[in-house]
>>> print(open('final-v3.csv').read())   # CSV, C-alpha atoms
chain,number,residue,atom,x,y,z
A,1,MET,CA,213.2,-45.2,30.9
A,2,CYS,CA,212.2,-48.8,30.7
A,3,VAL,CA,209.4,-48.3,33.2
A,4,GLY,CA,208.1,-45.3,31.3
A,5,THR,CA,208.2,-47.2,28.0
A,6,THR,CA,206.4,-50.1,29.6
A,7,LEU,CA,203.7,-47.8,31.0
A,8,VAL,CA,203.2,-46.0,27.6
A,9,HIS,CA,203.0,-49.4,25.9
A,10,LEU,CA,200.4,-50.8,28.4
A,11,GLY,CA,198.4,-47.6,28.1
A,12,ALA,CA,198.4,-47.6,24.3
A,13,VAL,CA,197.4,-51.3,24.1
A,14,PHE,CA,194.7,-50.8,26.7
A,15,LEU,CA,193.2,-47.9,24.8
A,16,HIS,CA,193.4,-50.0,21.6
A,17,VAL,CA,191.4,-52.9,23.0
A,18,ALA,CA,189.1,-51.0,25.2
A,19,PRO,CA,185.6,-50.0,24.0
A,20,PRO,CA,185.5,-46.6,22.3
A,21,ASN,CA,185.6,-43.8,24.8
A,22,PRO,CA,186.6,-40.1,24.6
A,23,VAL,CA,190.2,-40.8,25.5
A,24,SER,CA,190.7,-43.6,23.0
A,25,GLN,CA,188.9,-41.5,20.3
A,26,ARG,CA,191.0,-38.4,20.9
A,27,TYR,CA,194.3,-40.3,20.8
A,28,SER,CA,193.4,-42.9,18.2
A,29,ARG,CA,196.1,-41.8,15.7
A,30,GLN,CA,198.8,-42.0,18.3
A,31,VAL,CA,197.5,-45.3,19.6
A,32,ASP,CA,197.3,-46.8,16.1
A,33,ALA,CA,200.8,-45.6,15.2
A,34,TRP,CA,202.1,-47.4,18.3
A,35,VAL,CA,200.0,-50.6,18.0
A,36,TYR,CA,200.1,-51.3,14.3
A,37,PRO,CA,201.6,-53.5,12.8
A,38,LEU,CA,203.8,-55.0,15.6
A,39,PHE,CA,201.4,-55.1,18.6
A,40,GLU,CA,198.1,-55.8,16.9
A,41,GLN,CA,195.7,-57.6,19.2
A,42,ASN,CA,193.3,-60.4,18.1
A,43,TRP,CA,191.5,-63.4,19.6
A,44,ARG,CA,193.1,-66.1,17.4
A,45,LEU,CA,194.6,-67.8,20.4
A,46,PHE,CA,191.1,-68.4,21.9
A,47,ALA,CA,189.1,-68.7,18.6
A,48,PRO,CA,191.5,-69.7,15.9
A,49,ASN,CA,190.4,-69.2,12.3
A,50,PRO,CA,192.8,-71.4,10.2
A,51,ASP,CA,193.5,-70.5,6.7
A,52,SER,CA,191.7,-72.4,4.1
A,53,VAL,CA,194.0,-71.3,1.3
A,54,ASN,CA,197.7,-71.2,0.7
A,55,HIS,CA,199.3,-68.0,-0.6
A,56,ARG,CA,202.6,-68.1,-2.6
A,57,VAL,CA,204.3,-64.7,-2.8
A,58,TRP,CA,206.7,-64.1,-5.6
A,59,ALA,CA,208.8,-61.0,-6.2
A,60,ARG,CA,210.9,-59.5,-8.9
A,61,THR,CA,212.9,-56.3,-8.9
A,62,ALA,CA,213.8,-53.6,-11.4
A,63,HIS,CA,216.9,-51.5,-11.7
A,64,THR,CA,217.4,-48.5,-13.9
A,65,GLY,CA,220.9,-48.2,-15.2
A,66,HIS,CA,223.0,-45.1,-15.9
A,67,ASP,CA,222.1,-45.3,-19.5
A,68,GLY,CA,218.3,-45.2,-18.7
A,69,SER,CA,217.7,-48.9,-19.5
A,70,THR,CA,215.6,-50.9,-17.1
A,71,ARG,CA,216.7,-54.4,-16.1
A,72,VAL,CA,214.0,-56.7,-14.6
A,73,SER,CA,215.0,-59.7,-12.5
A,74,PRO,CA,213.5,-63.1,-12.7
A,75,TRP,CA,210.7,-64.0,-10.2
A,76,ILE,CA,211.9,-65.3,-6.8
A,77,ASP,CA,209.6,-67.4,-4.6
A,78,LEU,CA,209.6,-65.7,-1.2
A,79,THR,CA,207.2,-68.2,0.3
A,80,ALA,CA,209.6,-71.1,-0.6
A,81,LEU,CA,212.5,-69.2,1.0
A,82,ASP,CA,210.5,-68.8,4.2
A,83,ARG,CA,209.5,-72.5,4.2
A,84,ALA,CA,213.1,-73.6,3.6
A,85,ALA,CA,214.4,-71.4,6.5
A,86,VAL,CA,211.7,-72.8,8.9
A,87,GLU,CA,212.2,-76.4,7.8
A,88,HIS,CA,215.9,-76.5,8.6
A,89,ASP,CA,215.7,-74.6,11.9
A,90,PRO,CA,215.1,-76.7,15.0
A,91,PHE,CA,213.6,-73.6,16.8
A,92,PRO,CA,211.9,-71.5,14.1
A,93,SER,CA,210.4,-68.2,15.3
A,94,HIS,CA,206.8,-67.2,14.7
A,95,THR,CA,208.1,-64.2,12.9
A,96,ALA,CA,210.0,-66.3,10.3
A,97,GLN,CA,206.8,-68.4,9.8
A,98,ASN,CA,204.2,-65.7,9.7
A,99,LEU,CA,205.6,-62.3,8.8
A,100,LEU,CA,205.1,-62.4,5.1
A,101,ARG,CA,201.8,-64.3,5.3
A,102,ARG,CA,200.3,-61.8,7.9
A,103,ALA,CA,201.6,-58.8,5.9
A,104,TRP,CA,199.8,-60.2,2.8
A,105,THR,CA,196.6,-60.9,4.7
A,106,SER,CA,196.6,-57.3,6.2
A,107,TYR,CA,197.3,-55.9,2.7
A,108,VAL,CA,194.2,-57.7,1.3
A,109,ASP,CA,192.1,-56.6,4.2
A,110,THR,CA,192.9,-53.0,3.7
A,111,HIS,CA,193.1,-52.8,-0.1
A,112,GLY,CA,190.5,-55.1,-1.5
A,113,ALA,CA,190.8,-56.3,-5.1
A,114,ASP,CA,191.9,-53.1,-6.8
A,115,ASP,CA,195.1,-52.4,-4.9
A,116,THR,CA,194.2,-48.8,-4.1
A,117,ALA,CA,195.1,-47.5,-0.6
A,118,ARG,CA,192.1,-45.6,0.7
A,119,SER,CA,193.3,-45.0,4.2
A,120,PRO,CA,196.5,-44.2,6.1
A,121,ARG,CA,196.4,-47.8,7.5
A,122,ALA,CA,196.2,-49.2,3.9
A,123,ALA,CA,199.2,-47.1,2.8
A,124,MET,CA,201.1,-48.3,5.8
A,125,MET,CA,200.3,-51.9,5.1
A,126,GLN,CA,201.4,-51.5,1.5
A,127,LYS,CA,204.7,-50.0,2.7
A,128,TYR,CA,205.1,-52.8,5.3
A,129,LEU,CA,204.6,-55.5,2.7
A,130,SER,CA,207.0,-53.9,0.2
A,131,ASN,CA,209.6,-53.4,2.9
A,132,ILE,CA,209.4,-57.1,3.9
A,133,ALA,CA,209.6,-58.3,0.3
A,134,ALA,CA,212.5,-55.9,-0.5
A,135,ALA,CA,214.4,-57.0,2.6
A,136,ARG,CA,213.9,-60.7,1.7
A,137,VAL,CA,215.0,-60.2,-1.9
A,138,ALA,CA,218.0,-58.1,-0.9
A,139,GLY,CA,219.0,-60.7,1.7
A,140,HIS,CA,218.7,-63.6,-0.8
A,141,ARG,CA,219.9,-62.1,-4.1
A,142,GLY,CA,221.5,-58.8,-3.2
A,143,GLY,CA,222.3,-56.3,-6.0
A,144,MET,CA,220.8,-52.9,-6.6
A,145,PHE,CA,217.1,-52.3,-7.3
A,146,GLU,CA,214.7,-49.4,-7.0
A,147,PHE,CA,211.4,-51.1,-7.7
A,148,ILE,CA,209.7,-54.3,-6.6
A,149,GLN,CA,206.6,-56.1,-7.9
A,150,LEU,CA,204.8,-58.9,-6.2
A,151,ARG,CA,202.7,-61.7,-7.6
A,152,VAL,CA,200.5,-63.8,-5.2
A,153,VAL,CA,199.1,-67.1,-6.2
A,154,THR,CA,196.3,-68.4,-4.0
A,155,ALA,CA,195.3,-72.0,-4.0
A,156,PRO,CA,192.9,-73.9,-1.7
A,157,VAL,CA,194.2,-76.3,0.9
A,158,ALA,CA,193.4,-79.8,-0.2
A,159,ALA,CA,191.5,-82.1,2.2
A,160,PRO,CA,193.8,-84.8,3.6
A,161,GLY,CA,193.4,-88.3,2.2
A,162,THR,CA,191.6,-87.2,-0.9
A,163,ALA,CA,192.7,-87.7,-4.5
A,164,ALA,CA,193.1,-83.9,-4.8
A,165,GLY,CA,195.7,-84.2,-2.0
A,166,ARG,CA,198.0,-86.1,-4.3
A,167,ARG,CA,198.1,-83.3,-7.0
A,168,PRO,CA,198.6,-79.6,-6.5
A,169,PRO,CA,195.4,-77.7,-6.1
A,170,THR,CA,194.3,-75.4,-9.0
A,171,PRO,CA,195.0,-71.7,-8.1
A,172,VAL,CA,191.9,-69.7,-7.5
A,173,GLU,CA,193.6,-66.4,-7.9
A,174,ASN,CA,196.8,-65.2,-9.5
A,175,ARG,CA,197.2,-61.6,-8.5
A,176,LEU,CA,199.9,-59.3,-10.0
A,177,LEU,CA,200.5,-56.1,-7.9
A,178,PRO,CA,201.8,-52.9,-9.4
A,179,TRP,CA,205.4,-51.9,-9.3
A,180,TRP,CA,206.4,-50.1,-6.0
A,181,LYS,CA,209.3,-47.8,-5.5
A,182,VAL,CA,211.7,-48.9,-2.7
A,183,THR,CA,214.9,-47.4,-1.5
A,184,PRO,CA,218.0,-48.5,-3.5
A,185,HIS,CA,219.4,-51.9,-2.6
A,186,GLY,CA,216.0,-52.8,-1.1
A,187,LYS,CA,216.9,-51.3,2.3
>>> encode(input="final-v3.csv", output="structure tokens")
Amino acid sequence: MCVGTTLVHLGAVFLHVAPPNPVSQRYSRQVDAWVYPLFEQNWRLFAPNPDSVNHRVWARTAHTGHDGSTRVSPWIDLTALDRAAVEHDPFPSHTAQNLLRRAWTSYVDTHGADDTARSPRAAMMQKYLSNIAAARVAGHRGGMFEFIQLRVVTAPVAAPGTAAGRRPPTPVENRLLPWWKVTPHGK
């Protein structure tokens, strides 16, 4: 079973990175379902493209009570939680450092500025981002909630040694996403 899974994985990744051909075109849906979002290939190891902005992701949740009233939680800084977890871990994983940031970057790449999913990949990235945020909020705060909303504040990275490096950079974008339905308890 392990050998079979390994062969399927290698075949799917090969078809994903290979130039378009009849086999990769015929099985593109199955290959994309296997590769995205966990096994995506890119060349950043050989040609890195460092971020020139910092993204702070905030989340809040909403819960509808039995009487029909809706309770909205205060905002929680998911980026600060990630940084705190990495800062106090002597061997932090790349997943802990990059999962939320990469999910946000992929969301922006597939949705643009209007937050409308226009492809199955865009819908998948929206679900992926909402699942990560819901899991982080549920793990930190707990409680019941059925909806989650994200706010992302983007600020430029200040150049080292400049006067701007001593004060926080002015945000260039403050983006409020729509409310998304998640499974109860954020699971």
>>> closest_residue(input="final-v3.csv", among="A:Val108, A:Ala113, A:Val23, A:Val13", to="A:His55", atoms="all atoms listed in the file")
A:Val108
>>> residues_around(input="final-v3.csv", residues="stretch 93-102 of chain A", least_positions_apart="6", cutoff="8 Å", atoms="only C-alpha atoms", output="NGL selection string")
:A and (55 or 79 or 82-83 or 85-86 or 129 or 132-133)
>>> residues_around(input="final-v3.csv", residues="A:Ser24", least_positions_apart="4", cutoff="12 Å", atoms="all atoms listed in the file", output="compact mmCIF listing (two decimals) with C-alpha atoms, in the frame of the given file")
# COMPACT_ATOMS: atom_id res chain seq x y z
CA GLY A 11 198.40 -47.60 28.10
CA ALA A 12 198.40 -47.60 24.30
CA VAL A 13 197.40 -51.30 24.10
CA PHE A 14 194.70 -50.80 26.70
CA LEU A 15 193.20 -47.90 24.80
CA HIS A 16 193.40 -50.00 21.60
CA VAL A 17 191.40 -52.90 23.00
CA ALA A 18 189.10 -51.00 25.20
CA PRO A 19 185.60 -50.00 24.00
CA PRO A 20 185.50 -46.60 22.30
CA SER A 28 193.40 -42.90 18.20
CA ARG A 29 196.10 -41.80 15.70
CA GLN A 30 198.80 -42.00 18.30
CA VAL A 31 197.50 -45.30 19.60
CA ASP A 32 197.30 -46.80 16.10
>>> atom_distance(input="final-v3.csv", atom1="atom CA of A:Gln149", atom2="atom CA of A:Glu87")
26.3 Å
>>> closest_residue(input="final-v3.csv", among="A:Ala59, A:Trp104, A:Asn174, A:Thr6", to="A:Val153", atoms="only C-alpha atoms")
A:Asn174
>>> residues_around(input="final-v3.csv", residues="A:Ala62", least_positions_apart="5", cutoff="9 Å", atoms="all atoms listed in the file", output="MDAnalysis selection string")
chainID A and resid 70:73 144:149 179
>>> residues_near_point(input="final-v3.csv", point="(206.2, -50.0, -0.9)", cutoff="8 Å", atoms="all atoms listed in the file", output="PyMOL selection string")
chain A and resi 126-131+148+180-182
>>> atom_distance(input="final-v3.csv", atom1="atom CA of A:Cys2", atom2="atom CA of A:Trp34")
16.1 Å
>>> residues_near_point(input="final-v3.csv", point="(192.5, -53.2, 3.3)", cutoff="12 Å", atoms="all atoms listed in the file", output="ChimeraX atom specification")
/A:103-126
>>> closest_residue(input="final-v3.csv", among="A:Thr154, A:Ser52, A:Asn21, A:Thr61", to="A:Ala138", atoms="all atoms listed in the file")
A:Thr61
>>> atom_distance(input="final-v3.csv", atom1="atom CA of A:Val137", atom2="atom CA of A:Val152")
15.3 Å
>>> closest_residue(input="final-v3.csv", among="A:His63, A:His9, A:Met1, A:Arg141", to="A:Leu38", atoms="all atoms listed in the file")
A:His9
>>> closest_residue(input="final-v3.csv", among="A:Asp51, A:Gly65, A:Gly139, A:Gln25", to="A:Leu78", atoms="all atoms listed in the file")
A:Gly139
>>> closest_residue(input="final-v3.csv", among="A:Val157, A:Val3, A:Val172, A:Leu81", to="A:Trp58", atoms="all atoms listed in the file")
A:Leu81
>>> decode(input="final-v3.csv", residues="stretch 4-37 of chain A", atoms="N, CA, C and O atoms", output="mmCIF file, in the first residue's frame")
data_model
loop_
_atom_site.group_PDB
_atom_site.id
_atom_site.type_symbol
_atom_site.label_atom_id
_atom_site.label_comp_id
_atom_site.auth_asym_id
_atom_site.auth_seq_id
_atom_site.Cartn_x
_atom_site.Cartn_y
_atom_site.Cartn_z
ATOM 1 N N GLY A 4 2.388 1.681 -3.458
ATOM 2 C CA GLY A 4 1.355 2.153 -4.383
ATOM 3 C C GLY A 4 1.057 3.628 -4.198
ATOM 4 O O GLY A 4 0.952 4.388 -5.174
ATOM 5 N N THR A 5 0.930 4.062 -2.954
ATOM 6 C CA THR A 5 0.679 5.477 -2.665
ATOM 7 C C THR A 5 1.847 6.340 -3.126
ATOM 8 O O THR A 5 1.650 7.421 -3.687
ATOM 9 N N THR A 6 3.055 5.862 -2.904
ATOM 10 C CA THR A 6 4.243 6.599 -3.334
ATOM 11 C C THR A 6 4.272 6.741 -4.857
ATOM 12 O O THR A 6 4.565 7.824 -5.382
ATOM 13 N N LEU A 7 3.944 5.685 -5.558
ATOM 14 C CA LEU A 7 3.936 5.743 -7.026
ATOM 15 C C LEU A 7 2.858 6.691 -7.540
ATOM 16 O O LEU A 7 3.090 7.457 -8.483
ATOM 17 N N VAL A 8 1.678 6.652 -6.936
ATOM 18 C CA VAL A 8 0.603 7.570 -7.336
ATOM 19 C C VAL A 8 1.033 9.015 -7.072
ATOM 20 O O VAL A 8 0.836 9.900 -7.913
ATOM 21 N N HIS A 9 1.639 9.257 -5.913
ATOM 22 C CA HIS A 9 2.097 10.605 -5.577
ATOM 23 C C HIS A 9 3.146 11.092 -6.579
ATOM 24 O O HIS A 9 3.043 12.220 -7.098
ATOM 25 N N LEU A 10 4.144 10.287 -6.841
ATOM 26 C CA LEU A 10 5.192 10.682 -7.786
ATOM 27 C C LEU A 10 4.618 10.920 -9.184
ATOM 28 O O LEU A 10 5.000 11.869 -9.869
ATOM 29 N N GLY A 11 3.689 10.076 -9.603
ATOM 30 C CA GLY A 11 3.059 10.253 -10.909
ATOM 31 C C GLY A 11 2.248 11.536 -10.974
ATOM 32 O O GLY A 11 2.313 12.280 -11.967
ATOM 33 N N ALA A 12 1.489 11.832 -9.928
ATOM 34 C CA ALA A 12 0.676 13.050 -9.915
ATOM 35 C C ALA A 12 1.553 14.301 -9.910
ATOM 36 O O ALA A 12 1.279 15.258 -10.638
ATOM 37 N N VAL A 13 2.605 14.301 -9.105
ATOM 38 C CA VAL A 13 3.500 15.464 -9.062
ATOM 39 C C VAL A 13 4.225 15.621 -10.391
ATOM 40 O O VAL A 13 4.392 16.733 -10.894
ATOM 41 N N PHE A 14 4.630 14.516 -10.986
ATOM 42 C CA PHE A 14 5.284 14.584 -12.300
ATOM 43 C C PHE A 14 4.346 15.206 -13.335
ATOM 44 O O PHE A 14 4.745 16.094 -14.090
ATOM 45 N N LEU A 15 3.092 14.755 -13.373
ATOM 46 C CA LEU A 15 2.137 15.315 -14.329
ATOM 47 C C LEU A 15 1.856 16.785 -14.039
ATOM 48 O O LEU A 15 1.582 17.567 -14.949
ATOM 49 N N HIS A 16 1.936 17.170 -12.773
ATOM 50 C CA HIS A 16 1.689 18.563 -12.401
ATOM 51 C C HIS A 16 2.801 19.489 -12.893
ATOM 52 O O HIS A 16 2.527 20.594 -13.370
ATOM 53 N N VAL A 17 4.060 19.068 -12.770
ATOM 54 C CA VAL A 17 5.180 19.936 -13.145
ATOM 55 C C VAL A 17 5.618 19.755 -14.584
ATOM 56 O O VAL A 17 6.364 20.582 -15.109
ATOM 57 N N ALA A 18 5.177 18.706 -15.249
ATOM 58 C CA ALA A 18 5.564 18.454 -16.639
ATOM 59 C C ALA A 18 4.869 19.446 -17.567
ATOM 60 O O ALA A 18 3.809 19.983 -17.240
ATOM 61 N N PRO A 19 5.458 19.684 -18.727
ATOM 62 C CA PRO A 19 4.776 20.535 -19.714
ATOM 63 C C PRO A 19 3.431 19.907 -20.093
ATOM 64 O O PRO A 19 3.248 18.690 -19.995
ATOM 65 N N PRO A 20 2.471 20.738 -20.517
ATOM 66 C CA PRO A 20 1.155 20.204 -20.883
ATOM 67 C C PRO A 20 1.280 19.110 -21.948
ATOM 68 O O PRO A 20 2.009 19.255 -22.927
ATOM 69 N N ASN A 21 0.580 18.020 -21.706
ATOM 70 C CA ASN A 21 0.563 16.905 -22.650
ATOM 71 C C ASN A 21 -0.807 16.249 -22.549
ATOM 72 O O ASN A 21 -1.598 16.575 -21.654
ATOM 73 N N PRO A 22 -1.145 15.325 -23.460
ATOM 74 C CA PRO A 22 -2.488 14.739 -23.435
ATOM 75 C C PRO A 22 -2.844 14.056 -22.108
ATOM 76 O O PRO A 22 -3.971 14.145 -21.643
ATOM 77 N N VAL A 23 -1.883 13.395 -21.476
ATOM 78 C CA VAL A 23 -2.169 12.698 -20.221
ATOM 79 C C VAL A 23 -2.430 13.702 -19.100
ATOM 80 O O VAL A 23 -3.407 13.573 -18.349
ATOM 81 N N SER A 24 -1.572 14.722 -18.972
ATOM 82 C CA SER A 24 -1.758 15.706 -17.899
ATOM 83 C C SER A 24 -3.027 16.528 -18.112
ATOM 84 O O SER A 24 -3.678 16.919 -17.144
ATOM 85 N N GLN A 25 -3.403 16.774 -19.360
ATOM 86 C CA GLN A 25 -4.628 17.522 -19.637
ATOM 87 C C GLN A 25 -5.864 16.679 -19.330
ATOM 88 O O GLN A 25 -6.847 17.186 -18.803
ATOM 89 N N ARG A 26 -5.808 15.400 -19.633
ATOM 90 C CA ARG A 26 -6.962 14.528 -19.401
ATOM 91 C C ARG A 26 -7.219 14.344 -17.899
ATOM 92 O O ARG A 26 -8.354 14.301 -17.460
ATOM 93 N N TYR A 27 -6.155 14.216 -17.117
ATOM 94 C CA TYR A 27 -6.290 13.967 -15.682
ATOM 95 C C TYR A 27 -5.998 15.209 -14.833
ATOM 96 O O TYR A 27 -5.650 15.096 -13.661
ATOM 97 N N SER A 28 -6.164 16.401 -15.409
ATOM 98 C CA SER A 28 -5.796 17.626 -14.680
ATOM 99 C C SER A 28 -6.625 17.818 -13.411
ATOM 100 O O SER A 28 -6.097 18.265 -12.392
ATOM 101 N N ARG A 29 -7.917 17.475 -13.421
ATOM 102 C CA ARG A 29 -8.735 17.632 -12.210
ATOM 103 C C ARG A 29 -8.246 16.723 -11.093
ATOM 104 O O ARG A 29 -8.139 17.142 -9.942
ATOM 105 N N GLN A 30 -7.945 15.467 -11.415
ATOM 106 C CA GLN A 30 -7.476 14.530 -10.396
ATOM 107 C C GLN A 30 -6.087 14.929 -9.890
ATOM 108 O O GLN A 30 -5.815 14.844 -8.691
ATOM 109 N N VAL A 31 -5.218 15.365 -10.784
ATOM 110 C CA VAL A 31 -3.866 15.776 -10.392
ATOM 111 C C VAL A 31 -3.940 17.013 -9.496
ATOM 112 O O VAL A 31 -3.289 17.070 -8.447
ATOM 113 N N ASP A 32 -4.758 18.011 -9.879
ATOM 114 C CA ASP A 32 -4.891 19.215 -9.056
ATOM 115 C C ASP A 32 -5.490 18.898 -7.696
ATOM 116 O O ASP A 32 -5.081 19.471 -6.678
ATOM 117 N N ALA A 33 -6.451 17.986 -7.640
ATOM 118 C CA ALA A 33 -7.052 17.597 -6.357
ATOM 119 C C ALA A 33 -6.012 16.951 -5.445
ATOM 120 O O ALA A 33 -6.064 17.107 -4.223
ATOM 121 N N TRP A 34 -5.067 16.248 -6.010
ATOM 122 C CA TRP A 34 -4.018 15.597 -5.211
ATOM 123 C C TRP A 34 -2.938 16.600 -4.798
ATOM 124 O O TRP A 34 -2.485 16.611 -3.662
ATOM 125 N N VAL A 35 -2.527 17.461 -5.726
ATOM 126 C CA VAL A 35 -1.385 18.341 -5.493
ATOM 127 C C VAL A 35 -1.739 19.539 -4.615
ATOM 128 O O VAL A 35 -0.988 19.884 -3.699
ATOM 129 N N TYR A 36 -2.869 20.199 -4.888
ATOM 130 C CA TYR A 36 -3.223 21.415 -4.148
ATOM 131 C C TYR A 36 -3.975 21.067 -2.895
ATOM 132 O O TYR A 36 -4.825 20.199 -2.912
ATOM 133 N N PRO A 37 -3.795 21.737 -1.777
ATOM 134 C CA PRO A 37 -2.821 22.789 -1.509
ATOM 135 C C PRO A 37 -1.564 22.280 -0.841
ATOM 136 O O PRO A 37 -0.640 23.031 -0.609
#
